[in-house]
Amino acid sequence: MVEGDLATSLDADRIARHGVPAVQINTDGGCHLEARQVAEVIGALPDALDLLVVENVGNLVCPTSFDLGEDLKVVIVSLTEGDDKPLKYPGAFTTAGAFVINKIDLAPYLPASVATLRANALTINPNLVVFELSCTSGAGLDGWLGWLRARIADKRRATEAGNAASAPS
Ligand SMILES: [Zn+2]
C-alpha cells in the first residue's frame with residue numbers, strides 16, 4: 001500500500017498495524033501524487049505483491065489528471081459527503097472504473113441517499129461498477145473484496161499469457 005498525504009505517516013501506520021506492507025508519501029502541501037513519487041518509494045515494498053493500492057491525496061480534482069501507472073482508478077465517496085458529489089466533481093467519476101460508496105451504515109442519520117449517489121455517479125459514467133459498503137459494519141465488503149480478487153486473477157492470467165507470448169521458443 002502506498003499512502004499519499006500532505007503530512008504525517010498516520011495512514012501508513014494504521015495499515016501496517018494489520019500486517020500489510022505500507023509506505024507513506026508526504027507531499028508537503030502538494031495536492032496530488034505523481035508517478036515519479038510512487039516510483040521512488042515502491043522499492044520499500046515486497047517484490048511479490050498481488051495488489052498494490054495507491055491512496056492519492058484526498059481531493060477529487062487534480063488526482064484525476066495524473067497517470068500513476070495504475071491498472072484501475074477507484075473513486076471512494078462516503079455518504080457523509082453528500083449524494084450530489086458526482087455531479088460537482090465529474091472528472092473523478094469519468095476516469096474511474098469502480099465507485100465505492102462507503103459509510104452506508106450512516107444512511108439513517110443523513111439527508112443524503114445511497115440510491116441518489118449511485119444514480120448520480122452512473123449519470124456521469126454508466127460503466128462504473130458500484131459497491132455500497134460500510135467498513136464499520138462490514139456490510140458489502142464481501143462483494144467488493146470478491147470483485148477485487150477477480151480483477152487480481154484477471155491481471156495474473158493476462159500477465160502469464162503475455163509472458164508466454166514473449167518467451168523465446
Ligand atoms: Zn494537485
# chains A, B, ... in the order shown; residues from 1 in each chain; ligands from 1
$ residues_around --residues "stretch 111-122 of chain A" --least-positions-apart "3" --cutoff "8 Å" --atoms "only C-alpha atoms" --output "MDAnalysis selection string"
chainID A and resid 79:80 82:87 93 99 101 104 107 125:128 130 132
$ write_last_selection --atoms "N, CA and C atoms" --output "short mmCIF file (atom, residue, chain, number, x, y, z; two decimals), in the first residue's frame"
data_model
loop_
_atom_site.label_atom_id
_atom_site.label_comp_id
_atom_site.auth_asym_id
_atom_site.auth_seq_id
_atom_site.Cartn_x
_atom_site.Cartn_y
_atom_site.Cartn_z
N LEU A 79 -20.91 8.50 2.29
CA LEU A 79 -22.25 9.07 2.18
C LEU A 79 -22.34 10.41 2.90
N THR A 80 -21.50 10.60 3.89
CA THR A 80 -21.48 11.87 4.63
C THR A 80 -21.11 13.06 3.74
N GLY A 82 -22.34 13.75 0.87
CA GLY A 82 -23.48 14.22 0.10
C GLY A 82 -23.68 13.43 -1.17
N ASP A 83 -24.94 13.31 -1.60
CA ASP A 83 -25.22 12.46 -2.77
C ASP A 83 -25.05 13.21 -4.10
N ASP A 84 -24.70 14.51 -4.04
CA ASP A 84 -24.51 15.26 -5.28
C ASP A 84 -23.04 15.35 -5.70
N LYS A 85 -22.17 14.65 -4.96
CA LYS A 85 -20.73 14.73 -5.22
C LYS A 85 -20.36 14.42 -6.68
N PRO A 86 -20.90 13.36 -7.30
CA PRO A 86 -20.51 13.06 -8.69
C PRO A 86 -20.85 14.19 -9.65
N LEU A 87 -21.93 14.90 -9.39
CA LEU A 87 -22.33 15.98 -10.30
C LEU A 87 -21.38 17.16 -10.18
N PHE A 93 -15.12 10.71 -11.66
CA PHE A 93 -16.00 9.58 -12.00
C PHE A 93 -15.82 9.13 -13.44
N PHE A 99 -16.63 2.51 -8.36
CA PHE A 99 -17.07 3.54 -7.42
C PHE A 99 -17.51 2.87 -6.14
N ILE A 101 -19.16 3.43 -2.50
CA ILE A 101 -19.90 4.30 -1.59
C ILE A 101 -19.69 3.73 -0.19
N ILE A 104 -22.27 3.46 4.47
CA ILE A 104 -23.72 3.35 4.25
C ILE A 104 -24.46 3.10 5.56
N ALA A 107 -26.59 5.98 6.79
CA ALA A 107 -27.73 6.43 5.97
C ALA A 107 -28.93 6.90 6.81
N ASN A 125 -20.92 8.42 -15.46
CA ASN A 125 -20.19 7.31 -16.10
C ASN A 125 -21.00 6.02 -15.94
N PRO A 126 -21.76 5.66 -16.98
CA PRO A 126 -22.63 4.47 -16.90
C PRO A 126 -21.86 3.15 -16.78
N ASN A 127 -20.55 3.19 -17.04
CA ASN A 127 -19.76 1.95 -16.99
C ASN A 127 -19.18 1.66 -15.61
N LEU A 128 -19.39 2.53 -14.65
CA LEU A 128 -18.85 2.31 -13.31
C LEU A 128 -19.42 1.04 -12.68
N VAL A 130 -20.35 -0.30 -9.20
CA VAL A 130 -20.62 0.42 -7.96
C VAL A 130 -20.74 -0.56 -6.80
N GLU A 132 -21.65 -0.63 -2.57
CA GLU A 132 -22.16 0.10 -1.41
C GLU A 132 -21.70 -0.67 -0.18
#
$ select_by_dssp --residues "stretch 24-119 of chain A" --states "helix (DSSP H, G or I)" --output "VMD selection string"
chain A and resid 35 to 44 62 to 65 79 to 81 85 to 88 90 to 94 104 to 109 114 to 119
$ atom_distance --atom1 "atom CA of A:Leu45" --atom2 "atom CA of A:Ala158"
22.8 Å
$ residues_near_ligand --ligand "ligand 1" --cutoff "7 Å" --atoms "only C-alpha atoms and all ligand atoms" --output "PDB file with C-alpha atoms, in the first residue's frame"
ATOM      1  CA  GLY A  30       1.244  19.094  -2.871  1.00  0.00           C
ATOM      2  CA  CYS A  31      -2.363  18.323  -3.757  1.00  0.00           C
ATOM      3  CA  HIS A  32      -1.812  15.108  -5.763  1.00  0.00           C
ATOM      4  CA  CYS A  62      -6.298  17.079  -9.847  1.00  0.00           C
ATOM      5  CA  PRO A  63      -5.501  13.409  -8.944  1.00  0.00           C
TER       6      PRO A  63
END
$ residues_around --residues "A:Ile42" --least-positions-apart "3" --cutoff "12 Å" --atoms "only C-alpha atoms" --output "JSON, numbers by chain"
{"A": [1, 2, 3, 21, 22, 23, 24, 25, 35, 36, 37, 38, 39, 45, 46, 47, 48, 49, 52, 53, 54, 68]}
$ residues_around --residues "A:Asn26" --least-positions-apart "5" --cutoff "9 Å" --atoms "only C-alpha atoms" --output "PyMOL selection string"
chain A and resi 3-9
$ atom_distance --atom1 "atom CA of A:Ala92" --atom2 "atom CA of A:Val77"
10.5 Å
$ atom_distance --atom1 "atom CA of A:Ile76" --atom2 "atom CA of A:Glu40"
25.3 Å
$ residues_around --residues "A:Leu72" --least-positions-apart "3" --cutoff "10 Å" --atoms "only C-alpha atoms" --output "PyMOL selection string"
chain A and resi 53+68-69+75+95-98+151
$ write_last_selection --atoms "N, CA and C atoms" --output "CSV table (one decimal), in the first residue's frame"
chain,number,residue,atom,x,y,z
A,53,VAL,N,-2.2,-0.9,-3.8
A,53,VAL,CA,-3.2,0.1,-3.7
A,53,VAL,C,-2.4,1.4,-3.4
A,68,LEU,N,-0.6,7.3,-12.7
A,68,LEU,CA,0.4,6.7,-11.8
A,68,LEU,C,0.8,5.3,-12.2
A,69,GLY,N,0.4,4.9,-13.4
A,69,GLY,CA,0.7,3.6,-13.9
A,69,GLY,C,-0.2,2.5,-13.4
A,75,VAL,N,-12.9,5.4,-7.3
A,75,VAL,CA,-13.2,6.6,-6.5
A,75,VAL,C,-14.1,6.2,-5.3
A,95,THR,N,-13.0,9.1,-15.0
A,95,THR,CA,-11.7,8.4,-15.1
A,95,THR,C,-11.7,7.1,-14.3
A,96,ALA,N,-12.7,6.8,-13.5
A,96,ALA,CA,-12.7,5.7,-12.6
A,96,ALA,C,-13.3,4.5,-13.3
A,97,GLY,N,-12.9,3.3,-12.9
A,97,GLY,CA,-13.6,2.0,-13.3
A,97,GLY,C,-14.5,1.5,-12.3
A,98,ALA,N,-14.3,1.9,-11.0
A,98,ALA,CA,-15.2,1.4,-10.0
A,98,ALA,C,-15.5,2.6,-9.0
A,151,ARG,N,-10.4,-9.3,-10.2
A,151,ARG,CA,-9.5,-8.4,-11.0
A,151,ARG,C,-8.0,-8.8,-10.9
$ closest_atom_pairs --of "stretch 100-120 of chain A" --to "stretch 136-145 of chain A" --cutoff "12 Å" --atoms "only C-alpha atoms" --output "Markdown table"
| residue | atom | partner | partner_atom | distance |
| --- | --- | --- | --- | --- |
| A:Val100 | CA | A:Trp144 | CA | 8.4 |
| A:Ile101 | CA | A:Gly140 | CA | 9.8 |
| A:Asn102 | CA | A:Thr136 | CA | 9.3 |
| A:Lys103 | CA | A:Thr136 | CA | 7.3 |
| A:Ile104 | CA | A:Ala139 | CA | 8.3 |
| A:Asp105 | CA | A:Ser137 | CA | 6.9 |
| A:Leu106 | CA | A:Thr136 | CA | 9.8 |
$ select_by_dssp --residues "chain A" --states "strand (DSSP E)" --output "list of chain:residue names"
A:Val2, A:Glu3, A:Gly4, A:Asp5, A:Val23, A:Gln24, A:Ile25, A:Asn26, A:Val54, A:Glu55, A:Val74, A:Val75, A:Ile76, A:Val77, A:Ser78, A:Ala98, A:Phe99, A:Val100, A:Ile101, A:Asn102, A:Val129, A:Val130, A:Phe131, A:Glu132
$ decode --residues "stretch 26-169 of chain A" --atoms "C-alpha atoms" --output "mmCIF file, in the first residue's frame"
data_model
loop_
_atom_site.group_PDB
_atom_site.id
_atom_site.type_symbol
_atom_site.label_atom_id
_atom_site.label_comp_id
_atom_site.auth_asym_id
_atom_site.auth_seq_id
_atom_site.Cartn_x
_atom_site.Cartn_y
_atom_site.Cartn_z
ATOM 1 C CA ASN A 26 4.233 13.191 2.268
ATOM 2 C CA THR A 27 3.609 15.790 -0.410
ATOM 3 C CA ASP A 28 4.354 18.743 1.929
ATOM 4 C CA GLY A 29 1.454 20.739 0.561
ATOM 5 C CA GLY A 30 1.244 19.094 -2.871
ATOM 6 C CA CYS A 31 -2.363 18.323 -3.757
ATOM 7 C CA HIS A 32 -1.812 15.108 -5.763
ATOM 8 C CA LEU A 33 0.683 12.285 -6.313
ATOM 9 C CA GLU A 34 2.816 11.930 -9.428
ATOM 10 C CA ALA A 35 4.191 8.679 -10.855
ATOM 11 C CA ARG A 36 7.757 9.733 -10.005
ATOM 12 C CA GLN A 37 6.856 9.907 -6.287
ATOM 13 C CA VAL A 38 5.330 6.439 -6.363
ATOM 14 C CA ALA A 39 8.370 5.074 -8.224
ATOM 15 C CA GLU A 40 10.671 6.467 -5.532
ATOM 16 C CA VAL A 41 9.029 4.543 -2.677
ATOM 17 C CA ILE A 42 7.905 1.367 -4.407
ATOM 18 C CA GLY A 43 11.252 -0.327 -3.714
ATOM 19 C CA ALA A 44 10.406 -0.277 0.005
ATOM 20 C CA LEU A 45 7.566 -2.759 -0.626
ATOM 21 C CA PRO A 46 7.972 -6.520 -1.171
ATOM 22 C CA ASP A 47 8.581 -7.560 -4.802
ATOM 23 C CA ALA A 48 5.825 -10.176 -4.887
ATOM 24 C CA LEU A 49 2.562 -8.312 -4.373
ATOM 25 C CA ASP A 50 -0.849 -9.433 -5.616
ATOM 26 C CA LEU A 51 -2.328 -5.979 -5.226
ATOM 27 C CA LEU A 52 -0.783 -2.539 -4.859
ATOM 28 C CA VAL A 53 -3.181 0.137 -3.659
ATOM 29 C CA VAL A 54 -2.135 3.765 -4.010
ATOM 30 C CA GLU A 55 -4.273 6.129 -1.967
ATOM 31 C CA ASN A 56 -3.926 9.526 -3.546
ATOM 32 C CA VAL A 57 -4.180 12.797 -1.692
ATOM 33 C CA GLY A 58 -7.812 13.174 -0.689
ATOM 34 C CA ASN A 59 -9.200 15.524 -3.272
ATOM 35 C CA LEU A 60 -11.389 14.733 -6.254
ATOM 36 C CA VAL A 61 -9.914 17.311 -8.624
ATOM 37 C CA CYS A 62 -6.298 17.079 -9.847
ATOM 38 C CA PRO A 63 -5.501 13.409 -8.944
ATOM 39 C CA THR A 64 -7.738 12.504 -11.887
ATOM 40 C CA SER A 65 -5.261 14.172 -14.292
ATOM 41 C CA PHE A 66 -2.164 12.159 -13.346
ATOM 42 C CA ASP A 67 -1.394 8.638 -14.544
ATOM 43 C CA LEU A 68 0.364 6.731 -11.754
ATOM 44 C CA GLY A 69 0.728 3.584 -13.860
ATOM 45 C CA GLU A 70 -2.309 2.035 -12.234
ATOM 46 C CA ASP A 71 -4.477 -0.649 -13.844
ATOM 47 C CA LEU A 72 -7.617 0.914 -12.457
ATOM 48 C CA LYS A 73 -8.786 4.012 -10.643
ATOM 49 C CA VAL A 74 -11.365 3.618 -7.892
ATOM 50 C CA VAL A 75 -13.240 6.594 -6.527
ATOM 51 C CA ILE A 76 -14.475 6.329 -2.941
ATOM 52 C CA VAL A 77 -17.087 8.682 -1.529
ATOM 53 C CA SER A 78 -18.530 8.466 1.951
ATOM 54 C CA LEU A 79 -22.252 9.067 2.178
ATOM 55 C CA THR A 80 -21.480 11.873 4.629
ATOM 56 C CA GLU A 81 -20.056 13.889 1.708
ATOM 57 C CA GLY A 82 -23.485 14.222 0.097
ATOM 58 C CA ASP A 83 -25.216 12.464 -2.767
ATOM 59 C CA ASP A 84 -24.510 15.257 -5.281
ATOM 60 C CA LYS A 85 -20.727 14.731 -5.225
ATOM 61 C CA PRO A 86 -20.511 13.060 -8.689
ATOM 62 C CA LEU A 87 -22.332 15.976 -10.303
ATOM 63 C CA LYS A 88 -19.951 18.506 -8.741
ATOM 64 C CA TYR A 89 -16.734 16.535 -9.423
ATOM 65 C CA PRO A 90 -17.437 14.625 -12.659
ATOM 66 C CA GLY A 91 -13.767 14.149 -13.614
ATOM 67 C CA ALA A 92 -13.125 11.745 -10.763
ATOM 68 C CA PHE A 93 -16.003 9.583 -11.997
ATOM 69 C CA THR A 94 -15.286 9.657 -15.725
ATOM 70 C CA THR A 95 -11.718 8.380 -15.139
ATOM 71 C CA ALA A 96 -12.681 5.657 -12.623
ATOM 72 C CA GLY A 97 -13.561 2.031 -13.305
ATOM 73 C CA ALA A 98 -15.220 1.443 -9.956
ATOM 74 C CA PHE A 99 -17.066 3.544 -7.418
ATOM 75 C CA VAL A 100 -17.223 2.689 -3.738
ATOM 76 C CA ILE A 101 -19.905 4.298 -1.587
ATOM 77 C CA ASN A 102 -18.639 3.998 1.981
ATOM 78 C CA LYS A 103 -20.288 4.584 5.364
ATOM 79 C CA ILE A 104 -23.721 3.352 4.253
ATOM 80 C CA ASP A 105 -24.371 2.467 7.920
ATOM 81 C CA LEU A 106 -24.859 6.225 8.491
ATOM 82 C CA ALA A 107 -27.733 6.434 5.970
ATOM 83 C CA PRO A 108 -30.461 6.637 8.655
ATOM 84 C CA TYR A 109 -28.844 9.768 10.101
ATOM 85 C CA LEU A 110 -28.162 11.675 6.889
ATOM 86 C CA PRO A 111 -30.266 13.560 4.340
ATOM 87 C CA ALA A 112 -28.104 12.016 1.567
ATOM 88 C CA SER A 113 -29.406 8.919 -0.218
ATOM 89 C CA VAL A 114 -27.300 5.937 -1.289
ATOM 90 C CA ALA A 115 -29.608 5.385 -4.279
ATOM 91 C CA THR A 116 -29.270 9.018 -5.401
ATOM 92 C CA LEU A 117 -25.494 8.946 -5.007
ATOM 93 C CA ARG A 118 -25.328 5.770 -7.104
ATOM 94 C CA ALA A 119 -27.659 7.192 -9.761
ATOM 95 C CA ASN A 120 -25.714 10.467 -9.982
ATOM 96 C CA ALA A 121 -22.443 8.582 -10.442
ATOM 97 C CA LEU A 122 -23.936 6.403 -13.182
ATOM 98 C CA THR A 123 -25.239 9.532 -14.919
ATOM 99 C CA ILE A 124 -21.643 10.737 -15.193
ATOM 100 C CA ASN A 125 -20.191 7.311 -16.096
ATOM 101 C CA PRO A 126 -22.633 4.471 -16.896
ATOM 102 C CA ASN A 127 -19.760 1.947 -16.992
ATOM 103 C CA LEU A 128 -18.846 2.311 -13.310
ATOM 104 C CA VAL A 129 -19.015 -0.823 -11.174
ATOM 105 C CA VAL A 130 -20.625 0.415 -7.957
ATOM 106 C CA PHE A 131 -20.201 -1.014 -4.453
ATOM 107 C CA GLU A 132 -22.161 0.097 -1.405
ATOM 108 C CA LEU A 133 -20.411 -0.770 1.813
ATOM 109 C CA SER A 134 -19.616 0.055 5.394
ATOM 110 C CA CYS A 135 -16.177 -0.631 6.784
ATOM 111 C CA THR A 136 -17.707 -0.180 10.250
ATOM 112 C CA SER A 137 -20.458 -2.804 9.981
ATOM 113 C CA GLY A 138 -18.791 -4.927 7.274
ATOM 114 C CA ALA A 139 -21.849 -4.649 5.014
ATOM 115 C CA GLY A 140 -20.982 -5.044 1.340
ATOM 116 C CA LEU A 141 -17.332 -5.933 1.958
ATOM 117 C CA ASP A 142 -17.674 -9.491 0.622
ATOM 118 C CA GLY A 143 -18.821 -8.243 -2.773
ATOM 119 C CA TRP A 144 -16.131 -5.585 -3.006
ATOM 120 C CA LEU A 145 -13.322 -7.928 -1.963
ATOM 121 C CA GLY A 146 -14.578 -10.686 -4.256
ATOM 122 C CA TRP A 147 -14.569 -8.265 -7.171
ATOM 123 C CA LEU A 148 -11.013 -7.146 -6.323
ATOM 124 C CA ARG A 149 -9.859 -10.777 -6.140
ATOM 125 C CA ALA A 150 -11.378 -11.418 -9.571
ATOM 126 C CA ARG A 151 -9.509 -8.395 -11.002
ATOM 127 C CA ILE A 152 -6.257 -9.725 -9.495
ATOM 128 C CA ALA A 153 -6.894 -13.136 -11.101
ATOM 129 C CA ASP A 154 -7.638 -11.450 -14.461
ATOM 130 C CA LYS A 155 -4.399 -9.489 -14.258
ATOM 131 C CA ARG A 156 -2.382 -12.589 -13.376
ATOM 132 C CA ARG A 157 -3.853 -14.508 -16.335
ATOM 133 C CA ALA A 158 -3.172 -11.619 -18.705
ATOM 134 C CA THR A 159 0.405 -11.276 -17.418
ATOM 135 C CA GLU A 160 1.069 -15.004 -17.744
ATOM 136 C CA ALA A 161 -0.370 -15.037 -21.262
ATOM 137 C CA GLY A 162 1.834 -12.055 -22.133
ATOM 138 C CA ASN A 163 4.916 -13.728 -20.689
ATOM 139 C CA ALA A 164 4.187 -16.948 -22.597
ATOM 140 C CA ALA A 165 3.742 -14.990 -25.839
ATOM 141 C CA SER A 166 7.036 -13.137 -25.404
ATOM 142 C CA ALA A 167 9.091 -16.092 -24.149
ATOM 143 C CA PRO A 168 11.806 -17.285 -26.574
ATOM 144 C CA SER A 169 10.815 -20.561 -28.249
#
